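Each remark here refers to the structure printed beneath this line.
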Amino acid sequence: MRRHRVVVDDGTTIAYHCWEPDAAVTADPVPVVLQHGFTADTMADWVFPGTVAGLTAAGRRVVGVDARGHGRSGKSADAGRYGERRMADDLRAVVALLDVPVVDLVGYSMGAVVALLAATRMPVRRLVVGGVGAGIVEVGGVDTRALPSDRLARALLAEDPGDLPAGIAGLRAHAAMLGADLPSLAAQARAVHREGIDLDAITAETLVIAGDADPLAERPHVLAGAIAGASLHLVAGGHEVIGSNPGFHSAIIDFLNR
């Protein structure tokens, strides 16, 4: 792995990680760009579960972007510096540095919103969006009906997290385990995207993938039906499938390499 940084137009430093394809296989010239979910980073969502290793073994060059406020990218407690549209601009800035005509793009949860927004404004051959469902169509992003953003922001900053609801407590525990910056995460929670996405502008071959018991990805068929030609793949589990179900990652690798 090689780690790089780019300073984007508002002065935020964005970290991204690059892996070359295994030397023993024929390389695909189109790189795969990965965008992680909320509270996570490239390592947690894509390296530790084996996605990066599976892709490089299949001949893919891989680039993982740490979203602002996450991982090794710049931090701030200012909600005005966040939102998935801003993160999509960061992702496009990284892709511009790759100097390639097109990419394959994968995003999970918050990262799926980022990927969808980016795919409306840059060439994408294949697109994978995971951990989201009808909320993209009906509320414009991550389903805040299941996870209210203001409540999440307050919970991330609470001095005593002992009596938080299970879903929010799980996110805070995950952030704590990774050593994440809680004020930055709370700022992103307040800035979550609600403006809608021009799904008609997406021309990439698209896979929608979700856990069949994921409360943040309910009715994923609604999202798949709103993107021309998109396919839907369900795996067993809830929102944690990115870390708990190997079938989630194998389905992504198979789709990108078919």
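Order determines the names: the first chain of the structure tokens is A, the second B, and so forth; residues in each chain are numbered 1 upward, and ligands are numbered 1 upward as they are shown.
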query = What's the 8 Å shell around region 192-208 of chain A, counting only C-alpha atoms, without same-chain residues fewer than 3 positions away, as a VMD selection string?
reply = chain A and resid 82 to 85 113 116 to 117 119 to 120 123 to 130 136 to 137 139 to 142 149 188 to 189 220 223 to 224 226 to 233 255
Test item: residues at most 6 Å from region 3-16 of chain A, only C-alpha atoms, excluding those fewer than 4 positions along its chain, as a JSON list (two decimals) with N, CA and C atoms, in the first residue's frame:
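The resulting out11.json:
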[["chain", "number", "residue", "atom", "x", "y", "z"],
["A", 64, "GLY", "N", -8.48, 3.66, -2.10],
["A", 64, "GLY", "CA", -9.44, 3.88, -1.03],
["A", 64, "GLY", "C", -9.33, 5.30, -0.49],
["A", 65, "VAL", "N", -10.44, 6.00, -0.42],
["A", 65, "VAL", "CA", -10.45, 7.40, 0.04],
["A", 65, "VAL", "C", -10.98, 7.48, 1.46],
["A", 66, "ASP", "N", -10.20, 8.09, 2.36],
["A", 66, "ASP", "CA", -10.71, 8.40, 3.70],
["A", 66, "ASP", "C", -11.49, 9.70, 3.63],
["A", 72, "ARG", "N", -7.44, 9.07, 8.17],
["A", 72, "ARG", "CA", -6.27, 9.95, 8.19],
["A", 72, "ARG", "C", -6.51, 11.28, 7.48],
["A", 73, "SER", "N", -7.77, 11.54, 7.11],
["A", 73, "SER", "CA", -8.08, 12.83, 6.49],
["A", 73, "SER", "C", -8.30, 13.91, 7.55],
["A", 74, "GLY", "N", -8.37, 15.16, 7.08],
["A", 74, "GLY", "CA", -8.48, 16.30, 7.99],
["A", 74, "GLY", "C", -9.75, 16.27, 8.81]]
task = Using only C-alpha atoms, find the one residue out of A:Ala58, A:Leu147, A:Leu182, A:Leu98 that sits nearest to His239 (chain A).
result =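 The shortest atom-to-atom distance to His239 (chain A) comes from A:Leu147.
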inquiry  = For a quick check of understanding, using only C-alpha atoms, which of A:Val132, A:Leu34, A:Met1, A:Ala57 has the smallest distance to Arg92 (chain A)?
reply    = A:Leu34
ask   = For Ala186 (chain A), which residue among A:Ala251, A:Ile168, A:Val235, A:Val47 is the nearest when counting only C-alpha atoms?
value =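 When distances to Ala186 (chain A) are compared using only C-alpha atoms, the smallest one comes from A:Ile168.
Between Ala175 (chain A) and the residues A:Val103, A:Val33, A:Val25, A:Leu156, the shortest atom-to-atom distance, using only C-alpha atoms, involves A:Leu156.
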message = Calculated over only C-alpha atoms, which of the candidates A:Ala24, A:Ala79, A:Ala112, A:Ala134 has the smallest distance to Arg60 (chain A)?
response =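 Of A:Ala24, A:Ala79, A:Ala112, A:Ala134, the one nearest Arg60 (chain A), counting only C-alpha atoms, is A:Ala24.
Atom pair CA of Val241 (chain A) / CA of Gly167 (chain A): separated by 14.2 Å.
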